[in-house]
Amino acid sequence: MTYWLEDIDLEDRISRTTRNLYERNMRTLVSPAFDNLALREIGVARCDKFIKQLAKLSYSRAKQARVVLRLALELAVRHEVLPRNPMHHVARLYREPHVPNALTAPEVNVIRAAIAQWESAANHISGPKPDGQLGAIIEVMLGTSARIGEVLAIRRRDIDITSAVPSIRLAGTIVSRNGELTFRQDHPKTAKSTRVVALPTFTADAVRRRLAKFGSLGLDGLLFQSRDGTPLTTANVRRQLRQVLEGAGINGVTPHMFRRTVATAVNTNASIELAAELLGHTDTRVTVQHYIQRSELVNPATAALLDRAFAKDKE
């Protein structure tokens with residue numbers, strides 16, 4: 001494992017966060033099963049069995065283990081230790097079809113009302129009063145489809161609120177690593193995810209109200225920040241959202257659900273291509289598989305078509 005990680009560090013092609021994730025997955029998922037084996041003992045049958053056994057416990061873990069094991073063995077092939085990579089021949093992982101879930105417009109408004117009630121501090125007992133950020137974060141997610149990390153990374157310089165069509169440039173994300181201070185990364189999840197999104201009225205209004213609270217905010221100042229001016233962590237926002245909604249009897253809502261909700265709405269009212277563009281996807285298949293809630297309604301035009309095809313003779 002050490003040799004493989006040293007090669008990754010030497011290439012310096014992936015982010016520090018991804019590198020740490022690879023190390024964790026190799027140490028916790030793969031190493032316990034392979035550490036006592038010589039490389040020549042790691043063949044297709046052993047790898048195939050390992051991945052299948054892990055998949056019975058967790059599809060996600062099996063998928064993560066497959067990635068790092070394939071990469072590590074690929075290095076052994078490049079360095080002429082193995083003649084071929086056995087991971088190229090293991091069986092594909094199978095997962096039960098997953099239907100993305102999205103919120104309806106009434107459900108969105110119930111969530112808005114619950115957050116507004118909490119932010120009004122009507123039942124506030126102790127500690128700092130809500131500062132209105134959570135509601136504004138939700139409005140920005142609903143108006144841009146941005147990931148929660150992208151929303152928390154928005155700076156004043158990324159906002160154009162005075163043009164005829166207000167917009168926000170999504171050009172960063174928030175990163176939190178163990179043992180390090182949370183910081184703003186100067187690009188989103190991928191470089192191709194950088195995009196400028198026109199704002200609907202409800203989002204533009206929320207951004208204006210947020211800026212008005214600052215009075216003066218430097219160009220690099222974050223739209224959403226802690227009371228000390230530091231970046232908010234995605235974990236804290238997720239936890240706060242969950243606590244606020246559970247207090248109102250609403251369960252199972254996550255920040256990513258708003259992203260799927262927006263994607264579904266754009267697909268329903270426009271096209272899958274526009275939904276993918278808004279989400280920052282280069283492949284519409286990703287959008288369809290992971291973000292679009294399938295509608296059960298068949299185009300009602302079929303009724304008129306079948307009336308014409310099989311109309312009864314007039315008596």
# chains A, B, ... in the order shown; residues from 1 in each chain; ligands from 1
>>> residues_around(residues="Glu119 (chain A)", least_positions_apart="5", cutoff="12 Å", atoms="only C-alpha atoms", output="PyMOL selection string")
chain A and resi 112-114+124+128-136+240-241+244-245
>>> residues_around(residues="Arg155 (chain A)", least_positions_apart="4", cutoff="6 Å", atoms="only C-alpha atoms", output="list in words")
Asp220, Gly221, Leu222 and Leu223 of chain A
>>> write_last_selection(atoms="C-alpha atoms", output="PDB file, in the first residue's frame")
ATOM      1  CA  ASP A 220     -13.752  37.486  -1.495  1.00  0.00           C
ATOM      2  CA  GLY A 221     -16.166  37.431   1.438  1.00  0.00           C
ATOM      3  CA  LEU A 222     -18.387  34.356   1.596  1.00  0.00           C
ATOM      4  CA  LEU A 223     -22.140  34.818   1.247  1.00  0.00           C
TER       5      LEU A 223
END
>>> atom_distance(atom1="CA of Ser58 (chain A)", atom2="CA of Glu96 (chain A)")
12.1 Å
>>> select_by_dssp(residues="region 139-215 of chain A", states="strand (DSSP E or B)", output="VMD selection string")
chain A and resid 155 159 to 160 167 to 170 173 to 175 183 to 185 195 to 198
>>> write_last_selection(atoms="all heavy atoms", output="tab-separated table (two decimals), in the first residue's frame")
chain	number	residue	atom	x	y	z
A	155	ARG	N	-18.85	33.51	-3.22
A	155	ARG	CA	-18.27	34.76	-2.71
A	155	ARG	C	-19.05	35.94	-3.30
A	155	ARG	O	-19.81	35.79	-4.24
A	155	ARG	CB	-16.80	34.87	-3.14
A	155	ARG	CG	-15.91	33.72	-2.72
A	155	ARG	CD	-14.63	33.70	-3.53
A	155	ARG	NE	-14.92	33.50	-4.95
A	155	ARG	CZ	-13.98	33.43	-5.91
A	155	ARG	NH1	-12.71	33.55	-5.60
A	155	ARG	NH2	-14.34	33.24	-7.17
A	159	ILE	N	-21.37	36.94	-7.42
A	159	ILE	CA	-22.79	37.32	-7.47
A	159	ILE	C	-22.99	38.57	-8.32
A	159	ILE	O	-22.33	39.58	-8.12
A	159	ILE	CB	-23.31	37.60	-6.04
A	159	ILE	CG1	-23.10	36.37	-5.15
A	159	ILE	CG2	-24.77	38.01	-6.08
A	159	ILE	CD1	-23.32	36.66	-3.68
A	160	ASP	N	-23.90	38.48	-9.29
A	160	ASP	CA	-24.33	39.64	-10.07
A	160	ASP	C	-25.82	39.81	-9.83
A	160	ASP	O	-26.64	39.10	-10.40
A	160	ASP	CB	-24.04	39.42	-11.56
A	160	ASP	CG	-24.51	40.60	-12.41
A	160	ASP	OD1	-25.04	41.58	-11.83
A	160	ASP	OD2	-24.37	40.53	-13.65
A	167	SER	N	-27.48	36.66	-11.58
A	167	SER	CA	-26.83	35.36	-11.75
A	167	SER	C	-25.81	35.12	-10.64
A	167	SER	O	-25.39	36.04	-9.93
A	167	SER	CB	-26.14	35.26	-13.11
A	167	SER	OG	-25.08	36.21	-13.20
A	168	ILE	N	-25.42	33.86	-10.52
A	168	ILE	CA	-24.35	33.45	-9.60
A	168	ILE	C	-23.40	32.55	-10.36
A	168	ILE	O	-23.83	31.66	-11.11
A	168	ILE	CB	-24.92	32.70	-8.37
A	168	ILE	CG1	-25.53	33.70	-7.38
A	168	ILE	CG2	-23.84	31.89	-7.68
A	168	ILE	CD1	-26.11	33.04	-6.13
A	169	ARG	N	-22.12	32.79	-10.17
A	169	ARG	CA	-21.09	31.92	-10.75
A	169	ARG	C	-20.69	30.88	-9.71
A	169	ARG	O	-20.25	31.22	-8.62
A	169	ARG	CB	-19.86	32.72	-11.17
A	169	ARG	CG	-18.78	31.89	-11.86
A	169	ARG	CD	-17.71	32.80	-12.45
A	169	ARG	NE	-16.72	32.04	-13.20
A	169	ARG	CZ	-15.53	31.68	-12.71
A	169	ARG	NH1	-15.17	32.05	-11.47
A	169	ARG	NH2	-14.68	30.98	-13.44
A	170	LEU	N	-20.88	29.62	-10.04
A	170	LEU	CA	-20.50	28.52	-9.15
A	170	LEU	C	-19.10	28.07	-9.53
A	170	LEU	O	-18.90	27.44	-10.56
A	170	LEU	CB	-21.51	27.38	-9.28
A	170	LEU	CG	-22.96	27.77	-8.95
A	170	LEU	CD1	-23.92	26.66	-9.33
A	170	LEU	CD2	-23.10	28.12	-7.48
A	173	THR	N	-15.87	25.09	-4.01
A	173	THR	CA	-16.58	24.23	-3.07
A	173	THR	C	-15.88	24.32	-1.72
A	173	THR	O	-14.75	24.79	-1.63
A	173	THR	CB	-16.65	22.77	-3.56
A	173	THR	OG1	-17.58	22.04	-2.75
A	173	THR	CG2	-15.29	22.08	-3.49
A	174	ILE	N	-16.56	23.86	-0.70
A	174	ILE	CA	-16.00	23.87	0.65
A	174	ILE	C	-15.44	22.48	0.96
A	174	ILE	O	-16.10	21.47	0.71
A	174	ILE	CB	-17.07	24.25	1.70
A	174	ILE	CG1	-17.54	25.69	1.47
A	174	ILE	CG2	-16.52	24.08	3.11
A	174	ILE	CD1	-16.44	26.74	1.61
A	175	VAL	N	-14.22	22.45	1.49
A	175	VAL	CA	-13.55	21.19	1.79
A	175	VAL	C	-13.21	21.13	3.28
A	175	VAL	O	-12.67	22.09	3.83
A	175	VAL	CB	-12.26	21.04	0.96
A	175	VAL	CG1	-11.50	19.77	1.35
A	175	VAL	CG2	-12.59	21.03	-0.53
A	183	PHE	N	-11.80	24.92	4.40
A	183	PHE	CA	-11.38	25.98	3.49
A	183	PHE	C	-12.17	25.93	2.20
A	183	PHE	O	-12.83	24.94	1.89
A	183	PHE	CB	-9.88	25.87	3.19
A	183	PHE	CG	-9.49	24.63	2.40
A	183	PHE	CD1	-9.37	24.68	1.01
A	183	PHE	CD2	-9.26	23.42	3.04
A	183	PHE	CE1	-9.01	23.55	0.28
A	183	PHE	CE2	-8.91	22.28	2.32
A	183	PHE	CZ	-8.78	22.35	0.94
A	184	ARG	N	-12.09	27.03	1.45
A	184	ARG	CA	-12.74	27.13	0.14
A	184	ARG	C	-11.77	26.67	-0.94
A	184	ARG	O	-10.68	27.20	-1.08
A	184	ARG	CB	-13.18	28.56	-0.16
A	184	ARG	CG	-13.92	28.69	-1.49
A	184	ARG	CD	-14.19	30.14	-1.85
A	184	ARG	NE	-14.97	30.23	-3.07
A	184	ARG	CZ	-14.45	30.15	-4.31
A	184	ARG	NH1	-13.15	30.00	-4.46
A	184	ARG	NH2	-15.24	30.22	-5.37
A	185	GLN	N	-12.19	25.69	-1.73
A	185	GLN	CA	-11.40	25.20	-2.87
A	185	GLN	C	-11.81	25.99	-4.11
A	185	GLN	O	-12.99	26.23	-4.33
A	185	GLN	CB	-11.67	23.71	-3.05
A	185	GLN	CG	-11.00	23.08	-4.25
A	185	GLN	CD	-11.31	21.60	-4.33
A	185	GLN	OE1	-10.73	20.78	-3.64
A	185	GLN	NE2	-12.28	21.24	-5.16
A	195	ARG	N	-19.82	27.05	-13.59
A	195	ARG	CA	-20.91	27.51	-14.45
A	195	ARG	C	-21.54	28.76	-13.87
A	195	ARG	O	-21.42	29.03	-12.68
A	195	ARG	CB	-21.97	26.41	-14.61
A	195	ARG	CG	-22.55	25.93	-13.27
A	195	ARG	CD	-23.06	24.48	-13.42
A	195	ARG	NE	-23.77	24.02	-12.23
A	195	ARG	CZ	-23.17	23.54	-11.15
A	195	ARG	NH1	-21.85	23.48	-11.08
A	195	ARG	NH2	-23.88	23.10	-10.13
A	196	VAL	N	-22.18	29.54	-14.75
A	196	VAL	CA	-22.92	30.73	-14.34
A	196	VAL	C	-24.40	30.42	-14.49
A	196	VAL	O	-24.85	30.04	-15.56
A	196	VAL	CB	-22.52	31.96	-15.18
A	196	VAL	CG1	-23.38	33.15	-14.79
A	196	VAL	CG2	-21.04	32.27	-15.02
A	197	VAL	N	-25.15	30.60	-13.40
A	197	VAL	CA	-26.56	30.22	-13.39
A	197	VAL	C	-27.43	31.45	-13.17
A	197	VAL	O	-27.22	32.22	-12.23
A	197	VAL	CB	-26.83	29.20	-12.26
A	197	VAL	CG1	-28.31	28.83	-12.22
A	197	VAL	CG2	-25.97	27.95	-12.44
A	198	ALA	N	-28.39	31.66	-14.07
A	198	ALA	CA	-29.37	32.74	-13.90
A	198	ALA	C	-30.27	32.40	-12.71
A	198	ALA	O	-30.62	31.24	-12.50
A	198	ALA	CB	-30.20	32.90	-15.17
>>> residues_around(residues="Arg239 (chain A)", least_positions_apart="3", cutoff="12 Å", atoms="only C-alpha atoms", output="list in words")
Leu134, Leu232, Thr233, Thr234, Ala235, Asn236, Arg242, Gln243, Val244, Leu245, Glu246, Gly252, Val253, Thr254 and Pro255 of chain A
>>> write_last_selection(atoms="C-alpha atoms", output="compact mmCIF listing (two decimals), in the first residue's frame")
# COMPACT_ATOMS: atom_id res chain seq x y z
CA LEU A 134 -30.40 28.21 6.54
CA LEU A 232 -19.49 26.90 7.17
CA THR A 233 -18.94 23.15 6.98
CA THR A 234 -21.28 21.03 4.89
CA ALA A 235 -21.63 18.61 7.82
CA ASN A 236 -22.89 21.35 10.13
CA ARG A 242 -32.01 17.69 9.78
CA GLN A 243 -32.56 18.95 13.33
CA VAL A 244 -34.80 21.82 12.26
CA LEU A 245 -36.97 19.66 10.01
CA GLU A 246 -37.18 16.76 12.44
CA GLY A 252 -35.48 12.17 5.43
CA VAL A 253 -34.73 15.50 3.75
CA THR A 254 -31.08 16.13 2.81
CA PRO A 255 -29.43 19.01 0.92
>>> residues_around(residues="Arg177 (chain A)", least_positions_apart="6", cutoff="10 Å", atoms="only C-alpha atoms", output="PyMOL selection string")
chain A and resi 16-17+20+183
>>> select_by_dssp(residues="region 93-210 of chain A", states="helix (DSSP H, G or I)", output="MDAnalysis selection string")
chainID A and resid 105:119 133:144 148:152 156:158 191:193 201:210
>>> residues_around(residues="region 261-276 of chain A", least_positions_apart="5", cutoff="12 Å", atoms="only C-alpha atoms", output="ChimeraX atom specification")
/A:99-105,107-108,138-147,193,195,197,200,253-256,281-297,299
>>> closest_residue(among="A:Pro231, A:Pro188, A:Gly247, A:Gly218", to="Ser176 (chain A)", atoms="only C-alpha atoms")
A:Pro231
>>> atom_distance(atom1="CA of Arg157 (chain A)", atom2="CA of Met257 (chain A)")
27.3 Å
>>> closest_residue(among="A:Ala62, A:Ile137, A:Leu10, A:Val68", to="Arg238 (chain A)", atoms="only C-alpha atoms")
A:Ile137
>>> atom_distance(atom1="CA of Met87 (chain A)", atom2="CA of Arg70 (chain A)")
5.4 Å
>>> closest_residue(among="A:Leu82, A:Leu54, A:Arg210, A:Ala301", to="Glu41 (chain A)", atoms="only C-alpha atoms")
A:Leu82
>>> closest_residue(among="A:Ile154, A:Thr28, A:Tyr22, A:Ile51", to="Arg92 (chain A)", atoms="only C-alpha atoms")
A:Ile51
